[in-house]
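Text of the file protein23.pdb, holding PDB, C-alpha atoms, pLDDT in the B column:
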```pdb
MODEL        1
ATOM      1  CA  MET S 713     -31.663  -6.522  48.804  1.00 79.00           C
ATOM      2  CA  LYS S 714     -33.444  -5.813  45.511  1.00 75.00           C
ATOM      3  CA  LYS S 715     -31.220  -2.764  44.974  1.00 78.00           C
ATOM      4  CA  LEU S 716     -28.084  -4.863  45.513  1.00 71.00           C
ATOM      5  CA  ILE S 717     -29.209  -7.534  43.031  1.00 77.00           C
ATOM      6  CA  PHE S 718     -30.206  -4.831  40.534  1.00 67.00           C
ATOM      7  CA  ALA S 719     -26.802  -3.129  40.907  1.00 70.00           C
ATOM      8  CA  LEU S 720     -25.022  -6.483  40.419  1.00 69.00           C
ATOM      9  CA  ILE S 721     -27.011  -7.293  37.273  1.00 78.00           C
ATOM     10  CA  LEU S 722     -26.460  -3.781  35.929  1.00 71.00           C
ATOM     11  CA  GLY S 723     -22.712  -4.077  36.601  1.00 70.00           C
ATOM     12  CA  LEU S 724     -22.494  -7.436  34.790  1.00 69.00           C
ATOM     13  CA  PHE S 725     -24.466  -6.044  31.870  1.00 69.00           C
ATOM     14  CA  SER S 726     -22.167  -3.023  31.529  1.00 72.00           C
ATOM     15  CA  VAL S 727     -19.080  -5.291  31.553  1.00 67.00           C
ATOM     16  CA  ALA S 728     -20.631  -7.462  28.835  1.00 65.00           C
ATOM     17  CA  VAL S 729     -21.423  -4.428  26.693  1.00 62.00           C
ATOM     18  CA  ASN S 730     -17.867  -3.075  27.004  1.00 62.00           C
ATOM     19  CA  ALA S 731     -16.440  -6.466  26.052  1.00 59.00           C
ATOM     20  CA  GLN S 732     -18.015  -6.283  22.606  1.00 59.00           C
ATOM     21  CA  THR S 733     -15.517  -5.538  19.846  1.00 62.00           C
ATOM     22  CA  ALA S 734     -16.119  -2.909  17.242  1.00 59.00           C
ATOM     23  CA  PRO S 735     -16.421  -4.222  13.699  1.00 61.00           C
ATOM     24  CA  GLN S 736     -13.210  -3.957  11.693  1.00 60.00           C
ATOM     25  CA  LYS S 737     -13.135  -1.224   9.115  1.00 60.00           C
ATOM     26  CA  ALA S 738     -13.320  -2.785   5.678  1.00 58.00           C
ATOM     27  CA  VAL S 739     -10.132  -2.356   3.681  1.00 64.00           C
ATOM     28  CA  THR S 740     -11.012  -0.662   0.438  1.00 77.00           C
ATOM     29  CA  ALA S 741      -8.834  -1.218  -2.559  1.00 88.00           C
ATOM     30  CA  LYS S 742      -8.375   1.302  -5.350  1.00 94.00           C
ATOM     31  CA  VAL S 743      -8.165  -0.567  -8.641  1.00 96.00           C
ATOM     32  CA  ILE S 744      -5.661   0.714 -11.206  1.00 95.00           C
ATOM     33  CA  THR S 745      -6.044  -0.463 -14.813  1.00 95.00           C
ATOM     34  CA  LYS S 746      -3.390   0.245 -17.466  1.00 97.00           C
ATOM     35  CA  GLN S 747      -2.377   3.583 -15.964  1.00 97.00           C
ATOM     36  CA  VAL S 748       0.916   5.184 -16.995  1.00 97.00           C
ATOM     37  CA  VAL S 749       2.980   5.974 -13.899  1.00 98.00           C
ATOM     38  CA  ASP S 750       6.498   6.833 -12.789  1.00 98.00           C
ATOM     39  CA  ILE S 751       8.447   3.797 -11.579  1.00 98.00           C
ATOM     40  CA  ALA S 752      11.778   3.764  -9.728  1.00 98.00           C
ATOM     41  CA  CYS S 753      13.456   2.938  -6.430  1.00 97.00           C
ATOM     42  CA  GLY S 754      11.292   4.300  -3.637  1.00 97.00           C
ATOM     43  CA  GLU S 755      14.230   5.194  -1.394  1.00 97.00           C
ATOM     44  CA  CYS S 756      16.661   6.518  -4.016  1.00 96.00           C
ATOM     45  CA  GLN S 757      14.316   8.416  -6.327  1.00 97.00           C
ATOM     46  CA  PHE S 758      11.066   9.066  -4.442  1.00 97.00           C
ATOM     47  CA  LYS S 759      12.708   9.714  -1.024  1.00 96.00           C
ATOM     48  CA  MET S 760      10.470   7.166   0.732  1.00 96.00           C
ATOM     49  CA  LYS S 761      11.510   5.680   4.051  1.00 95.00           C
ATOM     50  CA  GLY S 762      12.442   2.014   3.879  1.00 89.00           C
ATOM     51  CA  LYS S 763      15.058  -0.539   4.828  1.00 89.00           C
ATOM     52  CA  ASP S 764      16.570  -1.205   1.408  1.00 93.00           C
ATOM     53  CA  CYS S 765      16.192  -0.345  -2.251  1.00 95.00           C
ATOM     54  CA  GLU S 766      12.624  -1.301  -3.127  1.00 97.00           C
ATOM     55  CA  LEU S 767      10.516  -0.851  -6.249  1.00 98.00           C
ATOM     56  CA  ALA S 768       7.904   1.904  -6.087  1.00 98.00           C
ATOM     57  CA  VAL S 769       5.407   3.573  -8.378  1.00 98.00           C
ATOM     58  CA  LYS S 770       4.041   7.087  -8.232  1.00 98.00           C
ATOM     59  CA  ILE S 771       0.279   7.106  -8.871  1.00 96.00           C
ATOM     60  CA  ASP S 772      -1.484  10.458  -9.081  1.00 94.00           C
ATOM     61  CA  GLY S 773       1.571  12.114  -7.511  1.00 95.00           C
ATOM     62  CA  LYS S 774       1.780   9.766  -4.497  1.00 97.00           C
ATOM     63  CA  PRO S 775       4.463   7.059  -4.220  1.00 98.00           C
ATOM     64  CA  TYR S 776       3.622   3.483  -3.215  1.00 98.00           C
ATOM     65  CA  PHE S 777       5.928   0.537  -2.621  1.00 98.00           C
ATOM     66  CA  VAL S 778       5.175  -2.375  -4.966  1.00 98.00           C
ATOM     67  CA  ASP S 779       4.229  -5.910  -3.963  1.00 97.00           C
ATOM     68  CA  GLY S 780       4.353  -8.670  -6.564  1.00 96.00           C
ATOM     69  CA  LYS S 781       7.390  -7.446  -8.518  1.00 96.00           C
ATOM     70  CA  GLY S 782      10.947  -6.835  -7.375  1.00 95.00           C
ATOM     71  CA  ILE S 783      13.310  -3.989  -8.160  1.00 96.00           C
ATOM     72  CA  ASP S 784      15.716  -6.305 -10.018  1.00 94.00           C
ATOM     73  CA  ASP S 785      12.986  -8.014 -12.068  1.00 95.00           C
ATOM     74  CA  PHE S 786      13.579  -5.421 -14.799  1.00 93.00           C
ATOM     75  CA  GLY S 787      17.387  -5.466 -14.834  1.00 93.00           C
ATOM     76  CA  ASP S 788      20.117  -4.230 -12.514  1.00 95.00           C
ATOM     77  CA  ALA S 789      18.598  -1.543 -10.281  1.00 95.00           C
ATOM     78  CA  HIS S 790      22.040   0.002  -9.751  1.00 94.00           C
ATOM     79  CA  GLY S 791      22.971   0.018 -13.444  1.00 92.00           C
ATOM     80  CA  GLU S 792      23.314   3.216 -15.436  1.00 89.00           C
ATOM     81  CA  HIS S 793      19.591   3.336 -16.301  1.00 89.00           C
ATOM     82  CA  GLY S 794      18.410   1.223 -13.353  1.00 94.00           C
ATOM     83  CA  PHE S 795      15.619   2.215 -11.014  1.00 97.00           C
ATOM     84  CA  CYS S 796      18.018   3.543  -8.356  1.00 97.00           C
ATOM     85  CA  ASN S 797      19.554   5.960 -10.859  1.00 96.00           C
ATOM     86  CA  ALA S 798      16.603   6.980 -13.034  1.00 95.00           C
ATOM     87  CA  VAL S 799      12.840   7.321 -12.989  1.00 96.00           C
ATOM     88  CA  SER S 800      11.109   5.414 -15.802  1.00 96.00           C
ATOM     89  CA  LYS S 801       7.560   5.218 -17.113  1.00 97.00           C
ATOM     90  CA  ALA S 802       5.437   2.079 -16.933  1.00 97.00           C
ATOM     91  CA  GLU S 803       1.896   0.979 -17.645  1.00 98.00           C
ATOM     92  CA  VAL S 804       0.574  -0.754 -14.531  1.00 98.00           C
ATOM     93  CA  THR S 805      -2.447  -2.778 -13.514  1.00 98.00           C
ATOM     94  CA  GLY S 806      -3.191  -3.727  -9.924  1.00 97.00           C
ATOM     95  CA  GLU S 807      -4.675  -2.233  -6.811  1.00 97.00           C
ATOM     96  CA  ILE S 808      -3.692  -0.035  -3.898  1.00 97.00           C
ATOM     97  CA  VAL S 809      -4.279  -1.842  -0.595  1.00 96.00           C
ATOM     98  CA  ASN S 810      -3.013  -0.652   2.802  1.00 95.00           C
ATOM     99  CA  ASN S 811      -0.890   2.066   1.191  1.00 95.00           C
ATOM    100  CA  ARG S 812       0.965  -0.423  -1.063  1.00 97.00           C
ATOM    101  CA  PHE S 813       0.531  -1.170  -4.765  1.00 98.00           C
ATOM    102  CA  LYS S 814      -0.312  -4.843  -5.388  1.00 97.00           C
ATOM    103  CA  ALA S 815       0.952  -5.298  -8.948  1.00 97.00           C
ATOM    104  CA  LYS S 816      -0.787  -7.645 -11.356  1.00 97.00           C
ATOM    105  CA  GLU S 817       1.059  -6.344 -14.411  1.00 97.00           C
ATOM    106  CA  ILE S 818       3.895  -3.884 -14.991  1.00 97.00           C
ATOM    107  CA  LYS S 819       4.960  -3.053 -18.537  1.00 97.00           C
ATOM    108  CA  LEU S 820       7.951  -0.720 -18.893  1.00 96.00           C
ATOM    109  CA  LEU S 821       7.479   1.891 -21.596  1.00 95.00           C
ATOM    110  CA  PRO S 822      10.254   2.811 -24.032  1.00 91.00           C
ATOM    111  CA  VAL S 823      12.302   5.895 -23.158  1.00 80.00           C
ATOM    112  CA  LYS S 824      11.303   8.893 -25.280  1.00 74.00           C
ATOM    113  CA  LYS S 825      14.194  10.728 -26.893  1.00 63.00           C
TER     114      LYS S 825
ENDMDL
END
```

Rewrite the coordinates I just gave you, this time as structure tokens.
Amino acid sequence: MKKLIFALILGLFSVAVNAQTAPQKAVTAKVITKQVVDIACGECQFKMKGKDCELAVKIDGKPYFVDGKGIDDFGDAHGEHGFCNAVSKAEVTGEIVNNRFKAKEIKLLPVKK
């Protein structure tokens, strides 16, 4: 009888231990401050997969979709010099979180001739 009670208690304990959830991995954000980057349409210019034309920046050679600013916030994206037709330079401040750039500030730089 003692063995049966011990086995029952052990079984309940093992179920309780397995029911514990693992702590969530903390999301680390990479802060970007006044860095000059390429900026354009992620789908049209950076060949990123998406549903529609969406603003993206290329930081340290890797493209990220932008949250906080839209592709048409800087003029017509499909215009002659728009983001779907040309890559521009911008000075950006924000952070990279979950593989997206959370923009706090985007300042387009003049085109060098």

One-decimal distance in Å that lies between CA of Ala752 in chain S and CA of Gly791 in chain S
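According to the coordinates, CA of Gly791 in chain S and CA of Ala752 in chain S are separated by 12.4 Å.
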
query: Quick one: which residues end up in the PyMOL selection byres ((chain S and resi 767) around 8) for this structure, as a list in words?
result: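 Applying the expression gives Ile751, Ala752, Cys753, Gly754, Cys765, Glu766, Ala768, Val769, Phe777, Val778, Lys781, Gly782, Ile783 and Phe795 of chain S.
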
List, as an MDAnalysis selection string, every residue that the PyMOL selection byres ((chain S and resi 800-812) around 10) selects in the file provided.
chainID S and resid 739:753 768:771 774:780 793:795 797:799 813:824

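One distance worth recording is that between CA of Gly773 in chain S and CA of Asp785 in chain S, which is 23.6 Å.
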
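Put simply, CA of Ala789 in chain S is 17.5 Å away from CA of Lys761 in chain S.
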
From the list S:Asp772, S:Lys763, S:Cys756, S:Ile717, which residue is nearest His790 in chain S when using all atoms listed in the file?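 Nearest to His790 in chain S: S:Cys756.
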
Select range 811-824 of chain S in the preceding structure and write all heavy atoms to a file as a tab-separated table (two decimals), in the first residue's frame.
```tsv
chain	number	residue	atom	x	y	z
S	811	ASN	N	12.78	42.00	-35.27
S	811	ASN	CA	13.14	42.06	-36.69
S	811	ASN	C	12.42	43.17	-37.46
S	811	ASN	O	12.23	43.07	-38.66
S	811	ASN	CB	12.91	40.70	-37.35
S	811	ASN	CG	14.13	40.25	-38.11
S	811	ASN	OD1	15.23	40.76	-37.92
S	811	ASN	ND2	13.95	39.31	-39.00
S	812	ARG	N	12.00	44.23	-36.76
S	812	ARG	CA	11.39	45.40	-37.39
S	812	ARG	C	12.04	46.63	-36.79
S	812	ARG	O	12.44	46.64	-35.63
S	812	ARG	CB	9.87	45.42	-37.17
S	812	ARG	CG	9.16	44.30	-37.93
S	812	ARG	CD	7.67	44.41	-37.82
S	812	ARG	NE	7.11	45.52	-38.53
S	812	ARG	CZ	6.68	45.49	-39.80
S	812	ARG	NH1	6.79	44.38	-40.50
S	812	ARG	NH2	6.15	46.55	-40.36
S	813	PHE	N	12.12	47.71	-37.58
S	813	PHE	CA	12.69	48.96	-37.11
S	813	PHE	C	11.57	49.86	-36.61
S	813	PHE	O	10.70	50.26	-37.37
S	813	PHE	CB	13.48	49.66	-38.21
S	813	PHE	CG	14.10	50.95	-37.77
S	813	PHE	CD1	15.14	50.96	-36.85
S	813	PHE	CD2	13.62	52.16	-38.24
S	813	PHE	CE1	15.71	52.15	-36.42
S	813	PHE	CE2	14.18	53.35	-37.82
S	813	PHE	CZ	15.23	53.35	-36.91
S	814	LYS	N	11.58	50.16	-35.32
S	814	LYS	CA	10.60	51.05	-34.69
S	814	LYS	C	11.17	52.46	-34.77
S	814	LYS	O	12.04	52.84	-33.99
S	814	LYS	CB	10.33	50.67	-33.23
S	814	LYS	CG	10.02	49.20	-33.01
S	814	LYS	CD	8.67	48.83	-33.57
S	814	LYS	CE	8.36	47.38	-33.22
S	814	LYS	NZ	7.16	46.89	-33.78
S	815	ALA	N	10.68	53.25	-35.74
S	815	ALA	CA	11.25	54.57	-36.01
S	815	ALA	C	10.77	55.61	-35.01
S	815	ALA	O	9.59	55.72	-34.73
S	815	ALA	CB	10.88	55.00	-37.42
S	816	LYS	N	11.71	56.36	-34.47
S	816	LYS	CA	11.39	57.54	-33.67
S	816	LYS	C	11.58	58.78	-34.52
S	816	LYS	O	10.83	59.74	-34.41
S	816	LYS	CB	12.27	57.60	-32.43
S	816	LYS	CG	11.95	56.51	-31.43
S	816	LYS	CD	12.77	56.63	-30.18
S	816	LYS	CE	12.39	55.50	-29.23
S	816	LYS	NZ	13.29	55.37	-28.11
S	817	GLU	N	12.59	58.74	-35.39
S	817	GLU	CA	12.86	59.88	-36.27
S	817	GLU	C	13.51	59.39	-37.55
S	817	GLU	O	14.41	58.55	-37.52
S	817	GLU	CB	13.79	60.87	-35.56
S	817	GLU	CG	14.08	62.11	-36.37
S	817	GLU	CD	15.01	63.08	-35.65
S	817	GLU	OE1	15.43	62.80	-34.52
S	817	GLU	OE2	15.32	64.11	-36.24
S	818	ILE	N	13.02	59.92	-38.68
S	818	ILE	CA	13.62	59.64	-39.98
S	818	ILE	C	13.79	60.98	-40.69
S	818	ILE	O	12.82	61.70	-40.90
S	818	ILE	CB	12.75	58.70	-40.84
S	818	ILE	CG1	12.63	57.32	-40.19
S	818	ILE	CG2	13.34	58.58	-42.26
S	818	ILE	CD1	11.74	56.35	-40.94
S	819	LYS	N	15.02	61.28	-41.05
S	819	LYS	CA	15.33	62.54	-41.74
S	819	LYS	C	15.97	62.17	-43.08
S	819	LYS	O	17.08	61.63	-43.10
S	819	LYS	CB	16.27	63.38	-40.89
S	819	LYS	CG	16.70	64.67	-41.53
S	819	LYS	CD	17.68	65.40	-40.62
S	819	LYS	CE	18.38	66.51	-41.37
S	819	LYS	NZ	19.48	67.08	-40.59
S	820	LEU	N	15.26	62.45	-44.17
S	820	LEU	CA	15.82	62.17	-45.50
S	820	LEU	C	17.01	63.10	-45.74
S	820	LEU	O	16.96	64.29	-45.43
S	820	LEU	CB	14.79	62.37	-46.59
S	820	LEU	CG	13.72	61.30	-46.70
S	820	LEU	CD1	12.77	61.64	-47.84
S	820	LEU	CD2	14.33	59.94	-46.94
S	821	LEU	N	18.05	62.56	-46.34
S	821	LEU	CA	19.23	63.33	-46.67
S	821	LEU	C	19.16	63.78	-48.12
S	821	LEU	O	18.60	63.06	-48.97
S	821	LEU	CB	20.49	62.52	-46.41
S	821	LEU	CG	20.68	62.06	-44.96
S	821	LEU	CD1	21.92	61.20	-44.83
S	821	LEU	CD2	20.75	63.24	-44.02
S	822	PRO	N	19.72	64.94	-48.43
S	822	PRO	CA	19.70	65.42	-49.82
S	822	PRO	C	20.48	64.47	-50.74
S	822	PRO	O	21.46	63.85	-50.33
S	822	PRO	CB	20.35	66.79	-49.78
S	822	PRO	CG	20.93	66.95	-48.42
S	822	PRO	CD	20.39	65.86	-47.54
S	823	VAL	N	20.01	64.37	-51.97
S	823	VAL	CA	20.65	63.51	-52.97
S	823	VAL	C	21.95	64.17	-53.40
S	823	VAL	O	21.97	65.35	-53.77
S	823	VAL	CB	19.72	63.29	-54.19
S	823	VAL	CG1	20.41	62.46	-55.24
S	823	VAL	CG2	18.42	62.67	-53.74
S	824	LYS	N	23.05	63.40	-53.35
S	824	LYS	CA	24.35	63.92	-53.79
S	824	LYS	C	24.43	63.82	-55.30
S	824	LYS	O	24.09	62.82	-55.89
S	824	LYS	CB	25.50	63.14	-53.14
S	824	LYS	CG	25.58	63.35	-51.66
S	824	LYS	CD	26.75	62.60	-51.09
S	824	LYS	CE	26.80	62.79	-49.58
S	824	LYS	NZ	27.90	62.06	-48.98
```
